[in-house]
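Containing compact mmCIF, C-alpha atoms: protein25.txt.
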```
# COMPACT_ATOMS: atom_id res chain seq x y z
CA MET A 1 -13.24 3.03 8.27
CA THR A 2 -11.16 3.70 5.18
CA THR A 3 -7.97 1.62 5.13
CA ARG A 4 -4.75 2.97 3.70
CA ARG A 5 -1.21 1.71 3.27
CA LEU A 6 1.92 3.84 3.60
CA PRO A 7 4.20 3.97 0.56
CA VAL A 8 7.68 2.51 0.94
CA ARG A 9 9.06 5.97 1.70
CA PRO A 10 6.24 7.98 3.33
CA ASP A 11 6.26 11.76 3.37
CA LEU A 12 4.95 13.43 6.54
CA ALA A 13 4.14 16.63 4.68
CA GLN A 14 1.94 14.66 2.29
CA LEU A 15 0.16 13.03 5.22
CA GLU A 16 -0.46 16.45 6.74
CA ARG A 17 -2.05 17.53 3.46
CA GLU A 18 -4.21 14.39 3.48
CA ALA A 19 -5.40 15.23 6.99
CA GLY A 20 -6.24 18.78 5.91
CA GLU A 21 -8.19 17.51 2.90
CA LEU A 22 -10.11 15.07 5.12
CA LEU A 23 -11.03 17.88 7.51
CA ASP A 24 -12.12 20.16 4.68
CA ALA A 25 -14.27 17.41 3.17
CA ALA A 26 -15.97 16.76 6.51
CA ARG A 27 -16.73 20.44 6.99
CA ARG A 28 -18.31 20.52 3.51
CA GLY A 29 -20.65 17.75 4.62
CA ASP A 30 -19.04 14.82 2.80
CA ALA A 31 -20.64 11.75 4.37
CA GLY A 32 -17.60 9.51 3.93
CA ALA A 33 -15.24 12.05 5.50
CA ILE A 34 -17.63 12.60 8.42
CA ALA A 35 -17.89 8.86 8.99
CA GLU A 36 -14.12 8.53 8.95
CA LEU A 37 -13.65 11.33 11.48
CA THR A 38 -16.39 9.93 13.71
CA SER A 39 -14.97 6.41 13.67
CA ALA A 40 -11.77 7.60 15.32
CA ARG A 41 -13.52 9.27 18.26
CA PRO A 42 -16.10 7.89 20.70
CA GLY A 43 -19.49 9.54 20.52
CA ALA A 44 -20.93 11.98 18.01
CA LEU A 45 -18.73 14.54 16.27
CA ASP A 46 -19.96 17.86 14.92
CA PRO A 47 -18.07 18.36 11.60
CA ALA A 48 -18.21 22.12 12.10
CA ARG A 49 -16.25 21.73 15.33
CA ALA A 50 -13.82 19.09 14.10
CA THR A 51 -10.17 20.01 14.50
CA THR A 52 -6.92 19.23 12.78
CA ASP A 53 -6.16 16.81 15.62
CA ASP A 54 -9.40 14.95 14.89
CA ALA A 55 -8.46 14.61 11.21
CA ARG A 56 -4.92 13.52 12.01
CA LEU A 57 -6.12 10.84 14.42
CA ALA A 58 -8.62 9.51 11.88
CA LEU A 59 -5.97 9.43 9.18
CA ALA A 60 -3.47 7.70 11.47
CA ARG A 61 -6.04 5.03 12.35
CA SER A 62 -6.69 4.43 8.65
CA TYR A 63 -2.97 3.61 8.32
CA GLU A 64 -3.31 1.27 11.35
CA ALA A 65 -1.30 3.60 13.57
CA PRO A 66 -2.73 4.13 17.07
CA SER A 67 -1.97 7.85 16.96
CA TRP A 68 -0.73 10.64 14.74
CA GLU A 69 2.47 10.69 16.75
CA ARG A 70 3.15 7.04 15.88
CA LEU A 71 2.55 7.74 12.21
CA ALA A 72 4.94 10.71 12.32
CA LEU A 73 7.54 8.55 14.07
CA ALA A 74 7.35 5.99 11.26
CA CYS A 75 7.94 8.71 8.67
CA ASP A 76 10.86 10.15 10.63
CA LEU A 77 12.54 6.78 11.17
CA VAL A 78 12.13 5.59 7.60
CA ASP A 79 13.48 8.88 6.29
CA ALA A 80 16.50 8.61 8.58
CA ILE A 81 17.21 5.08 7.32
CA TRP A 82 17.00 6.24 3.71
CA ARG A 83 19.41 9.09 4.47
CA ASP A 84 21.74 6.72 6.34
CA ASP A 85 21.50 9.14 9.29
CA LEU A 86 22.97 7.04 12.08
CA ASP A 87 22.54 9.70 14.78
CA ARG A 88 18.88 10.27 14.01
CA VAL A 89 18.10 6.55 13.95
CA ARG A 90 19.87 6.11 17.28
CA ALA A 91 17.94 9.01 18.83
CA LEU A 92 14.56 7.76 17.61
CA VAL A 93 15.07 4.13 18.63
CA THR A 94 16.56 5.06 22.00
CA ALA A 95 13.51 7.20 22.72
CA HIS A 96 11.08 4.61 21.34
CA PRO A 97 12.70 1.15 21.72
CA GLU A 98 9.41 -0.61 20.95
CA VAL A 99 9.75 0.31 17.26
CA LEU A 100 12.62 -2.17 16.91
CA HIS A 101 10.03 -4.97 16.82
CA GLU A 102 7.24 -3.24 14.88
CA SER A 103 6.81 -2.79 11.16
CA ALA A 104 8.73 0.22 9.95
CA LEU A 105 5.66 1.14 7.87
CA VAL A 106 3.25 0.54 10.80
CA ARG A 107 0.98 -1.87 8.93
CA PRO A 108 2.58 -5.31 8.39
CA SER A 109 4.76 -5.08 5.30
CA ASP A 110 7.33 -7.12 3.38
CA TRP A 111 9.80 -4.36 4.22
CA GLY A 112 9.64 -5.48 7.82
CA PRO A 113 10.87 -3.92 11.08
CA PRO A 114 13.56 -1.23 10.98
CA LEU A 115 16.54 -3.61 10.69
CA THR A 116 14.93 -5.54 7.84
CA TYR A 117 13.91 -2.25 6.26
CA ALA A 118 17.52 -1.08 6.39
CA ALA A 119 18.65 -4.35 4.78
CA ASN A 120 16.47 -3.58 1.75
CA LEU A 121 18.55 -0.46 1.23
CA GLY A 122 21.98 -1.87 2.13
CA ARG A 123 22.35 0.44 5.15
CA ASP A 124 25.00 -1.63 6.90
CA ARG A 125 25.91 0.90 9.60
CA ILE A 126 22.29 1.22 10.62
CA ILE A 127 21.84 -2.55 10.66
CA ARG A 128 24.76 -2.92 13.08
CA LEU A 129 23.38 -0.11 15.24
CA LEU A 130 19.92 -1.65 15.41
CA TYR A 131 21.41 -5.07 16.14
CA ASP A 132 23.42 -3.58 19.02
CA LEU A 133 20.19 -1.98 20.30
CA GLY A 134 18.43 -5.35 20.37
CA ALA A 135 16.91 -5.97 16.95
CA ARG A 136 17.01 -9.65 15.97
CA ASP A 137 14.99 -9.90 12.74
CA LEU A 138 18.10 -11.13 10.94
CA GLN A 139 16.50 -13.92 8.92
CA SER A 140 13.92 -11.67 7.29
CA ALA A 141 16.65 -9.08 6.76
CA LEU A 142 18.84 -11.63 4.98
CA GLY A 143 15.95 -12.59 2.71
CA ARG A 144 15.24 -8.99 1.80
CA ALA A 145 18.92 -8.19 1.20
CA ALA A 146 19.19 -11.15 -1.19
CA LEU A 147 15.95 -10.16 -2.91
CA GLN A 148 17.24 -6.61 -3.41
CA SER A 149 20.71 -7.76 -4.58
CA ARG A 150 22.36 -6.19 -1.53
CA ILE A 151 25.03 -8.86 -1.53
CA GLU A 152 27.56 -7.42 0.92
CA THR A 153 24.72 -6.61 3.30
CA ALA A 154 23.45 -10.18 3.00
CA LYS A 155 26.90 -11.56 3.79
CA MET A 156 27.18 -9.34 6.87
CA LEU A 157 23.74 -10.47 8.09
CA TYR A 158 24.65 -14.12 7.54
CA ASP A 159 27.72 -13.66 9.71
CA LEU A 160 25.64 -11.93 12.42
CA MET A 161 23.29 -14.94 12.35
CA GLY A 162 26.19 -17.29 13.01
CA ARG A 163 26.15 -18.75 9.48
CA PRO A 164 23.22 -21.17 9.98
CA PRO A 165 21.69 -23.38 7.27
CA ILE A 166 19.76 -21.32 4.73
CA PRO A 167 16.03 -21.96 5.31
CA ASP A 168 14.06 -23.82 2.67
CA GLY A 169 12.16 -21.42 0.45
CA ALA A 170 14.78 -18.67 0.68
CA LEU A 171 15.36 -18.80 -3.09
CA GLY A 172 11.83 -17.50 -3.70
CA GLY A 173 12.68 -13.88 -2.90
CA PRO A 174 15.46 -13.38 -5.46
CA ALA A 175 13.44 -15.51 -7.91
CA TYR A 176 10.59 -12.99 -7.69
CA THR A 177 12.81 -9.95 -8.25
CA LEU A 178 15.00 -11.87 -10.71
CA SER A 179 18.09 -11.16 -8.65
CA ASP A 180 20.72 -13.41 -10.13
CA GLN A 181 23.21 -12.07 -7.59
CA GLY A 182 20.92 -12.93 -4.69
CA THR A 183 20.26 -16.38 -6.11
CA ALA A 184 23.97 -17.05 -6.60
CA LEU A 185 24.73 -15.98 -3.05
CA LEU A 186 22.07 -18.18 -1.45
CA LEU A 187 23.15 -21.18 -3.50
CA ALA A 188 26.77 -20.54 -2.51
CA LEU A 189 25.70 -20.39 1.14
CA GLY A 190 24.12 -23.80 0.81
CA ALA A 191 20.45 -23.20 -0.05
CA ARG A 192 18.93 -26.61 -0.76
CA VAL A 193 17.42 -27.34 -4.16
CA THR A 194 15.54 -30.51 -3.11
CA HIS A 195 13.70 -31.80 -0.05
CA ASP A 196 14.96 -34.89 1.73
CA ASP A 197 12.23 -36.79 -0.14
CA GLY A 198 13.47 -35.52 -3.49
CA ARG A 199 10.81 -32.89 -4.12
CA SER A 200 12.12 -29.71 -5.71
CA LEU A 201 12.71 -26.60 -3.61
CA VAL A 202 13.70 -24.52 -6.60
CA PRO A 203 11.09 -21.85 -7.46
CA VAL A 204 11.15 -22.19 -11.25
CA ASP A 205 7.47 -21.22 -11.26
CA VAL A 206 8.29 -17.90 -9.60
CA VAL A 207 10.98 -17.11 -12.16
CA LEU A 208 8.61 -17.83 -15.06
CA GLU A 209 5.53 -16.13 -13.58
CA THR A 210 6.98 -13.10 -11.80
CA ASP A 211 5.98 -9.60 -12.87
CA SER A 212 9.67 -8.64 -12.98
CA ARG A 213 11.26 -8.31 -16.42
CA LYS A 214 15.05 -8.63 -16.49
CA PRO A 215 15.83 -11.03 -19.33
CA SER A 216 19.54 -11.53 -18.71
CA SER A 217 19.04 -12.09 -14.98
CA LYS A 218 16.19 -14.52 -15.64
CA HIS A 219 18.38 -16.49 -18.02
CA ALA A 220 21.20 -16.59 -15.47
CA ILE A 221 18.94 -17.83 -12.66
CA LEU A 222 17.51 -20.63 -14.76
CA GLU A 223 21.02 -21.73 -15.75
CA MET A 224 22.03 -21.74 -12.08
CA TYR A 225 19.10 -24.02 -11.35
CA VAL A 226 20.15 -26.36 -14.15
CA ALA A 227 23.72 -26.38 -12.86
CA ALA A 228 22.32 -27.32 -9.43
CA GLY A 229 20.59 -30.34 -10.93
CA VAL A 230 17.16 -29.05 -11.93
CA VAL A 231 15.80 -30.63 -15.10
CA LEU A 232 13.80 -28.21 -17.26
CA PRO A 233 11.53 -29.26 -20.14
CA ASP A 234 13.32 -29.48 -23.48
CA THR A 235 10.78 -27.30 -25.27
CA ALA A 236 10.82 -24.16 -27.38
CA PRO A 237 8.94 -22.02 -24.81
CA MET A 238 11.45 -23.04 -22.14
CA ALA A 239 14.30 -22.21 -24.51
CA VAL A 240 12.82 -18.71 -24.81
CA HIS A 241 12.53 -18.44 -21.03
CA ARG A 242 16.19 -19.45 -20.77
CA GLY A 243 17.32 -17.12 -23.57
CA ARG A 244 18.90 -20.06 -25.35
CA ILE A 245 19.02 -19.49 -29.10
CA ASP A 246 21.26 -22.55 -29.41
CA LEU A 247 18.47 -24.73 -28.06
CA LEU A 248 15.98 -23.11 -30.42
CA GLU A 249 18.31 -23.82 -33.34
CA ARG A 250 18.36 -27.50 -32.42
CA LEU A 251 14.62 -27.68 -31.88
CA LEU A 252 13.94 -25.94 -35.19
CA GLY A 253 16.16 -28.51 -36.92
CA GLN A 254 14.04 -31.24 -35.38
CA ASP A 255 10.69 -29.58 -36.13
CA PRO A 256 10.48 -27.33 -39.22
CA THR A 257 6.95 -26.27 -38.15
CA LEU A 258 8.23 -24.75 -34.92
CA LEU A 259 7.94 -21.15 -36.13
CA ARG A 260 4.27 -21.68 -36.97
CA ARG A 261 3.30 -23.43 -33.78
CA GLN A 262 0.85 -22.00 -31.26
CA PHE A 263 1.67 -23.00 -27.70
CA THR A 264 -0.81 -23.66 -24.93
CA HIS A 265 -0.64 -21.87 -21.60
CA GLU A 266 0.59 -25.11 -20.05
CA GLU A 267 3.44 -25.38 -22.54
CA ILE A 268 4.57 -21.84 -21.73
CA TYR A 269 3.97 -22.20 -17.97
CA PRO A 270 4.41 -25.92 -17.18
CA PRO A 271 2.21 -27.05 -14.27
CA GLU A 272 4.71 -29.78 -13.42
CA LEU A 273 7.07 -26.96 -12.40
CA GLY A 274 4.43 -25.49 -10.11
CA CYS A 275 3.11 -22.89 -12.56
CA HIS A 276 -0.37 -21.51 -12.24
CA ASP A 277 -3.29 -20.24 -14.35
CA GLU A 278 -3.42 -17.36 -16.82
CA VAL A 279 -4.11 -14.81 -14.08
CA LEU A 280 -1.34 -15.74 -11.64
CA ALA A 281 1.23 -16.19 -14.42
CA THR A 282 1.83 -12.49 -14.83
CA HIS A 283 1.86 -11.10 -18.37
CA GLY A 284 0.11 -8.47 -20.49
CA THR A 285 -1.47 -9.45 -23.80
CA PRO A 286 -2.76 -13.05 -23.50
CA LEU A 287 -0.17 -15.73 -24.19
CA ALA A 288 -2.38 -18.83 -24.21
CA GLY A 289 -2.21 -20.16 -27.76
CA ALA A 290 0.58 -17.75 -28.64
CA THR A 291 3.67 -18.19 -30.80
CA LEU A 292 7.27 -17.84 -29.71
CA LEU A 293 7.25 -14.34 -31.16
CA HIS A 294 4.38 -13.33 -28.87
CA MET A 295 6.36 -14.64 -25.90
CA CYS A 296 9.33 -12.50 -26.86
CA MET A 297 7.21 -9.36 -26.79
CA ASP A 298 6.03 -9.78 -23.21
CA TYR A 299 9.39 -10.93 -21.88
CA GLY A 300 11.53 -8.34 -23.67
CA GLU A 301 13.48 -10.94 -25.65
CA LEU A 302 14.69 -8.69 -28.47
CA GLU A 303 17.54 -10.93 -29.65
CA ILE A 304 15.37 -14.03 -29.84
CA ALA A 305 12.66 -12.09 -31.67
CA ARG A 306 15.22 -10.92 -34.18
CA TRP A 307 16.47 -14.50 -34.62
CA LEU A 308 12.94 -15.82 -35.18
CA LEU A 309 12.29 -13.26 -37.91
CA GLU A 310 15.65 -13.93 -39.53
CA ARG A 311 14.74 -17.63 -39.64
CA GLY A 312 11.61 -16.78 -41.60
CA MET A 313 8.89 -16.52 -39.00
CA ASP A 314 5.75 -14.74 -40.19
CA VAL A 315 5.70 -11.42 -38.36
CA ASP A 316 1.89 -11.54 -38.42
CA ALA A 317 1.54 -15.13 -37.23
CA PRO A 318 -1.64 -15.13 -35.12
CA ALA A 319 -2.29 -16.65 -31.74
CA ALA A 320 -4.91 -19.40 -31.59
CA VAL A 321 -8.61 -18.50 -31.42
CA ASP A 322 -10.47 -20.15 -28.54
CA ALA A 323 -13.95 -21.65 -28.53
CA ASP A 324 -15.48 -18.27 -27.63
CA GLY A 325 -13.81 -16.47 -30.51
CA PHE A 326 -11.09 -14.73 -28.51
CA GLY A 327 -7.49 -14.70 -29.74
CA GLY A 328 -6.08 -14.45 -33.22
CA HIS A 329 -3.94 -11.46 -32.30
CA THR A 330 -0.51 -10.88 -33.79
CA ALA A 331 2.67 -10.19 -31.85
CA LEU A 332 2.23 -6.46 -32.51
CA PHE A 333 -0.67 -6.42 -30.04
CA ALA A 334 1.72 -7.77 -27.39
CA THR A 335 4.05 -4.79 -27.78
CA VAL A 336 1.20 -2.38 -27.05
CA VAL A 337 0.04 -4.10 -23.83
CA SER A 338 2.76 -5.97 -21.96
CA GLN A 339 4.44 -6.51 -18.62
CA VAL A 340 7.57 -4.88 -20.06
CA ASN A 341 5.51 -1.72 -20.56
CA PHE A 342 4.41 -1.78 -16.93
CA TRP A 343 7.99 -1.28 -15.78
CA MET A 344 8.56 1.38 -18.42
CA ASN A 345 5.62 3.35 -17.00
CA TYR A 346 5.74 2.55 -13.28
CA GLY A 347 7.27 5.19 -11.04
CA ALA A 348 10.32 6.79 -12.62
CA GLY A 349 10.12 4.02 -15.22
CA GLY A 350 12.64 3.13 -17.86
CA PRO A 351 13.45 4.62 -21.27
CA LYS A 352 10.30 5.52 -23.17
CA GLU A 353 11.15 3.36 -26.17
CA ALA A 354 9.54 0.57 -28.18
CA PRO A 355 12.33 -1.44 -29.82
CA LEU A 356 10.22 -4.58 -30.18
CA THR A 357 7.44 -2.63 -31.89
CA ARG A 358 9.95 -1.08 -34.26
CA LEU A 359 11.44 -4.50 -35.04
CA LEU A 360 8.04 -5.93 -35.99
CA LEU A 361 7.04 -2.92 -38.07
CA ASP A 362 10.38 -2.93 -39.87
CA HIS A 363 9.62 -6.53 -40.83
CA GLY A 364 6.23 -5.56 -42.24
CA ALA A 365 3.85 -6.15 -39.34
CA ALA A 366 0.28 -5.16 -40.25
CA PRO A 367 -0.63 -2.05 -38.22
CA ASN A 368 -4.39 -2.60 -38.67
CA ALA A 369 -4.66 -6.29 -37.79
CA ARG A 370 -7.81 -7.17 -35.87
CA ALA A 371 -8.60 -9.57 -33.06
CA SER A 372 -10.87 -10.03 -30.05
CA LEU A 373 -9.18 -10.34 -26.70
CA ARG A 374 -10.12 -10.82 -23.09
CA LYS A 375 -7.88 -10.22 -20.13
CA GLN A 376 -7.94 -10.58 -16.37
CA LEU A 377 -5.00 -9.00 -14.57
CA HIS A 378 -3.27 -10.45 -11.54
CA PRO A 379 -5.15 -9.33 -8.38
CA GLY A 380 -1.96 -7.65 -7.22
CA TYR A 381 -2.79 -4.83 -9.64
CA GLY A 382 -5.87 -3.87 -7.66
CA GLU A 383 -8.67 -5.61 -9.53
CA ASP A 384 -9.27 -8.99 -11.09
CA THR A 385 -12.24 -8.50 -13.39
CA LEU A 386 -12.26 -10.40 -16.68
CA ARG A 387 -12.68 -7.80 -19.43
CA GLU A 388 -13.49 -8.27 -23.09
CA TYR A 389 -12.18 -6.25 -26.04
CA ARG A 390 -13.88 -7.24 -29.28
CA ASP A 391 -12.67 -6.55 -32.80
CA VAL A 392 -9.75 -4.33 -31.81
CA THR A 393 -6.63 -3.27 -33.67
CA PRO A 394 -3.30 -2.89 -31.88
CA LEU A 395 -4.04 0.82 -31.42
CA SER A 396 -7.58 0.39 -30.11
CA TRP A 397 -6.35 -2.45 -27.88
CA GLY A 398 -4.02 0.05 -26.21
CA THR A 399 -6.56 2.86 -26.21
CA ARG A 400 -9.25 0.78 -24.55
CA PHE A 401 -7.11 -1.30 -22.18
CA HIS A 402 -8.23 -0.56 -18.64
CA ASN A 403 -4.84 -0.31 -16.91
CA LYS A 404 -2.67 2.22 -18.71
CA LEU A 405 0.49 1.16 -16.87
CA PHE A 406 0.59 -1.80 -19.26
CA VAL A 407 0.20 0.34 -22.38
CA SER A 408 3.14 1.66 -24.40
CA GLU A 409 2.54 5.12 -25.80
CA PRO A 410 5.81 4.94 -27.77
CA ALA A 411 4.59 1.70 -29.41
CA MET A 412 1.26 3.29 -30.29
CA ARG A 413 2.96 6.31 -31.83
CA LEU A 414 5.15 4.08 -33.99
CA ILE A 415 2.16 2.04 -35.14
CA GLU A 416 0.19 5.18 -35.96
CA GLU A 417 3.14 6.51 -37.97
CA ARG A 418 3.01 3.33 -40.06
CA GLY A 419 -0.56 4.00 -41.16
CA ALA A 420 -2.67 2.56 -38.36
CA GLN A 421 -6.27 3.71 -38.11
CA VAL A 422 -7.23 5.04 -34.69
CA LEU A 423 -10.40 3.21 -33.60
CA ARG A 424 -11.98 3.92 -30.25
```
Starting from the file, give its structure as structure tokens.
Amino acid sequence: MTTRRLPVRPDLAQLEREAGELLDAARRGDAGAIAELTSARPGALDPARATTDDARLALARSYEAPSWERLALACDLVDAIWRDDLDRVRALVTAHPEVLHESALVRPSDWGPPLTYAANLGRDRIIRLLYDLGARDLQSALGRAALQSRIETAKMLYDLMGRPPIPDGALGGPAYTLSDQGTALLLALGARVTHDDGRSLVPVDVVLETDSRKPSSKHAILEMYVAAGVVLPDTAPMAVHRGRIDLLERLLGQDPTLLRRQFTHEEIYPPELGCHDEVLATHGTPLAGATLLHMCMDYGELEIARWLLERGMDVDAPAAVDADGFGGHTALFATVVSQVNFWMNYGAGGPKEAPLTRLLLDHGAAPNARASLRKQLHPGYGEDTLREYRDVTPLSWGTRFHNKLFVSEPAMRLIEERGAQVLR
């Protein structure tokens, strides 16, 4: 059977269209559609006699709902929570009290049961209603409220819990979303930063490796960790992670070669802090063997990039070339394919701009530089195949890259305007 997952805010009308399309495909003789319809019913099913109810049941089962009615209930309840419709939530939960303890999105999800789901959105009235009706998933709700920077909601939940000790590991949620507000709240409420045996509980690795890109919040979280007693490596890559130009100034004074250095993956993502390999440390254009300028491109560090160039860094300084001949790319490649671009393109996205690309080009970056690259994305993006791109320019790197959410069309337009050759 095909397996599907509801979006965070499912649309019943869209699901009805999906059921209609499934039925139409089965009636046309599509083998996959017939198999899906048949799997939901015992015995043989004649596609010509299949009904809308058959298609709806099959679709519901693919979303792990036992029935179409349960799937519709999930859509109705989630929509009511989004609209902060207290009366509708009360009516639905009173009629179906079992949903209090089931995933709001049917299939197990980080968004949790209805009360936790409401905490993600800061729906305080609905949280109190669901609590009064018997919901008790307060700990997961507190974690999601902190992760989503719903600070007043988190405080309310903490009071409902009776103000217990914050569980170890709670800092991981706001570390992943780079919620400095959530981090500050949990630390203020007493979240521990070390085990009793002295081992660190602070998720520095999550802050460095997350797919989120909020430079100022990242800087703030790392400084909170330091203030809580965490010791971070005194290195240039860590100074970039922290957004600390003052530290870079000092390190440059100590090492005049700093702006020419190529840093290993382990220097950028220190394993002693719990960091992982090049796949799990989420970024776009490869950073292993990269310069500080390359780092700035993937992490959106415009001010540090500007400082590096003002201090005389070569705008076309290449990354290291590995034993297989991959690497050698300039920072311009990293503006075309980056994690910053993912968030520009994902969903509603952000402003369709390329300030880092413009900065490099204004400093004379070569638009037709060439390199060979290989890249394996984090499995969270749906596939984890290692792909090779040989002898590409920044433009052909973007044109050929397999996941277009990571590609900046504004960057490519700017590069083409500066005389880049379009190579397929």
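Using all atoms listed in the file, the smallest distance between any of A:Pro47, A:Gly325, A:Pro66, A:Pro351 and Gly29 in chain A comes from A:Pro47.
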Query raised in the report: Which value, in Å to one decimal, gives the distance between CA of Gly328 in chain A and CA of Lys375 in chain A?
Result: 13.9 Å
Report task. Would you list the contacts of Val279 in chain A as a PyMOL selection string, taking every protein, DNA or RNA residue within 9 Å and counting only C-alpha atoms, but skipping same-chain residues closer than 4 positions in sequence? Result -> chain A and resi 283+375-379+384
Query raised in the report: Quick one: residues within 9 Å of Leu129 in chain A, only C-alpha atoms counted, chain neighbours fewer than 6 positions away excluded, as a ChimeraX atom specification?
Result: /A:86,89-90,115,135
**Report entry** Given all atoms listed in the file as the counted atoms, nearest of A:Gln262, A:Gln421, A:Thr235, A:Ser62 to Asn368 in chain A
**Finding:**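 Closest to Asn368 in chain A of all the choices is A:Gln421.
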Show me, as JSON lines, the residues of range 304-349 of chain A having an atom within 6 Å of range 401-409 of chain A, each with the closest atom pair and its distance in Å, using only C-alpha atoms.
```
{"residue": "A:Val336", "atom": "CA", "partner": "A:Ser408", "partner_atom": "CA", "distance": 5.2}
{"residue": "A:Val337", "atom": "CA", "partner": "A:Val407", "partner_atom": "CA", "distance": 4.7}
{"residue": "A:Ser338", "atom": "CA", "partner": "A:Phe406", "partner_atom": "CA", "distance": 5.4}
{"residue": "A:Asn341", "atom": "CA", "partner": "A:Phe406", "partner_atom": "CA", "distance": 5.1}
{"residue": "A:Phe342", "atom": "CA", "partner": "A:Phe406", "partner_atom": "CA", "distance": 4.5}
{"residue": "A:Asn345", "atom": "CA", "partner": "A:Leu405", "partner_atom": "CA", "distance": 5.6}
```
Report task. Would you kindly return, as a list in words, each protein, DNA or RNA residue with an atom no farther than 8 Å from any atom of range 32-44 of chain A, considering all atoms listed in the file and excluding same-chain residues fewer than 4 positions away? Result -> Met1, Thr2, Leu22, Leu23, Ala25, Ala26, Asp54, Ala55, Leu57, Ala58 and Arg61 of chain A
Got a moment to write range 62-75 of chain A out with C-alpha atoms, as a PDB file, in the first residue's frame?
```pdb
ATOM      1  CA  SER A  62      -2.598   5.316   3.183  1.00  0.00           C
ATOM      2  CA  TYR A  63      -2.531   8.165   5.723  1.00  0.00           C
ATOM      3  CA  GLU A  64      -2.767   5.554   8.530  1.00  0.00           C
ATOM      4  CA  ALA A  65      -6.331   6.563   9.380  1.00  0.00           C
ATOM      5  CA  PRO A  66      -8.741   3.655   9.976  1.00  0.00           C
ATOM      6  CA  SER A  67     -11.504   5.382   8.036  1.00  0.00           C
ATOM      7  CA  TRP A  68     -12.313   8.381   5.887  1.00  0.00           C
ATOM      8  CA  GLU A  69     -14.324   9.781   8.763  1.00  0.00           C
ATOM      9  CA  ARG A  70     -11.242   9.754  11.017  1.00  0.00           C
ATOM     10  CA  LEU A  71      -9.213  11.516   8.357  1.00  0.00           C
ATOM     11  CA  ALA A  72     -11.910  14.167   7.956  1.00  0.00           C
ATOM     12  CA  LEU A  73     -12.037  14.614  11.732  1.00  0.00           C
ATOM     13  CA  ALA A  74      -8.291  15.291  11.806  1.00  0.00           C
ATOM     14  CA  CYS A  75      -8.671  17.967   9.132  1.00  0.00           C
TER      15      CYS A  75
END
```
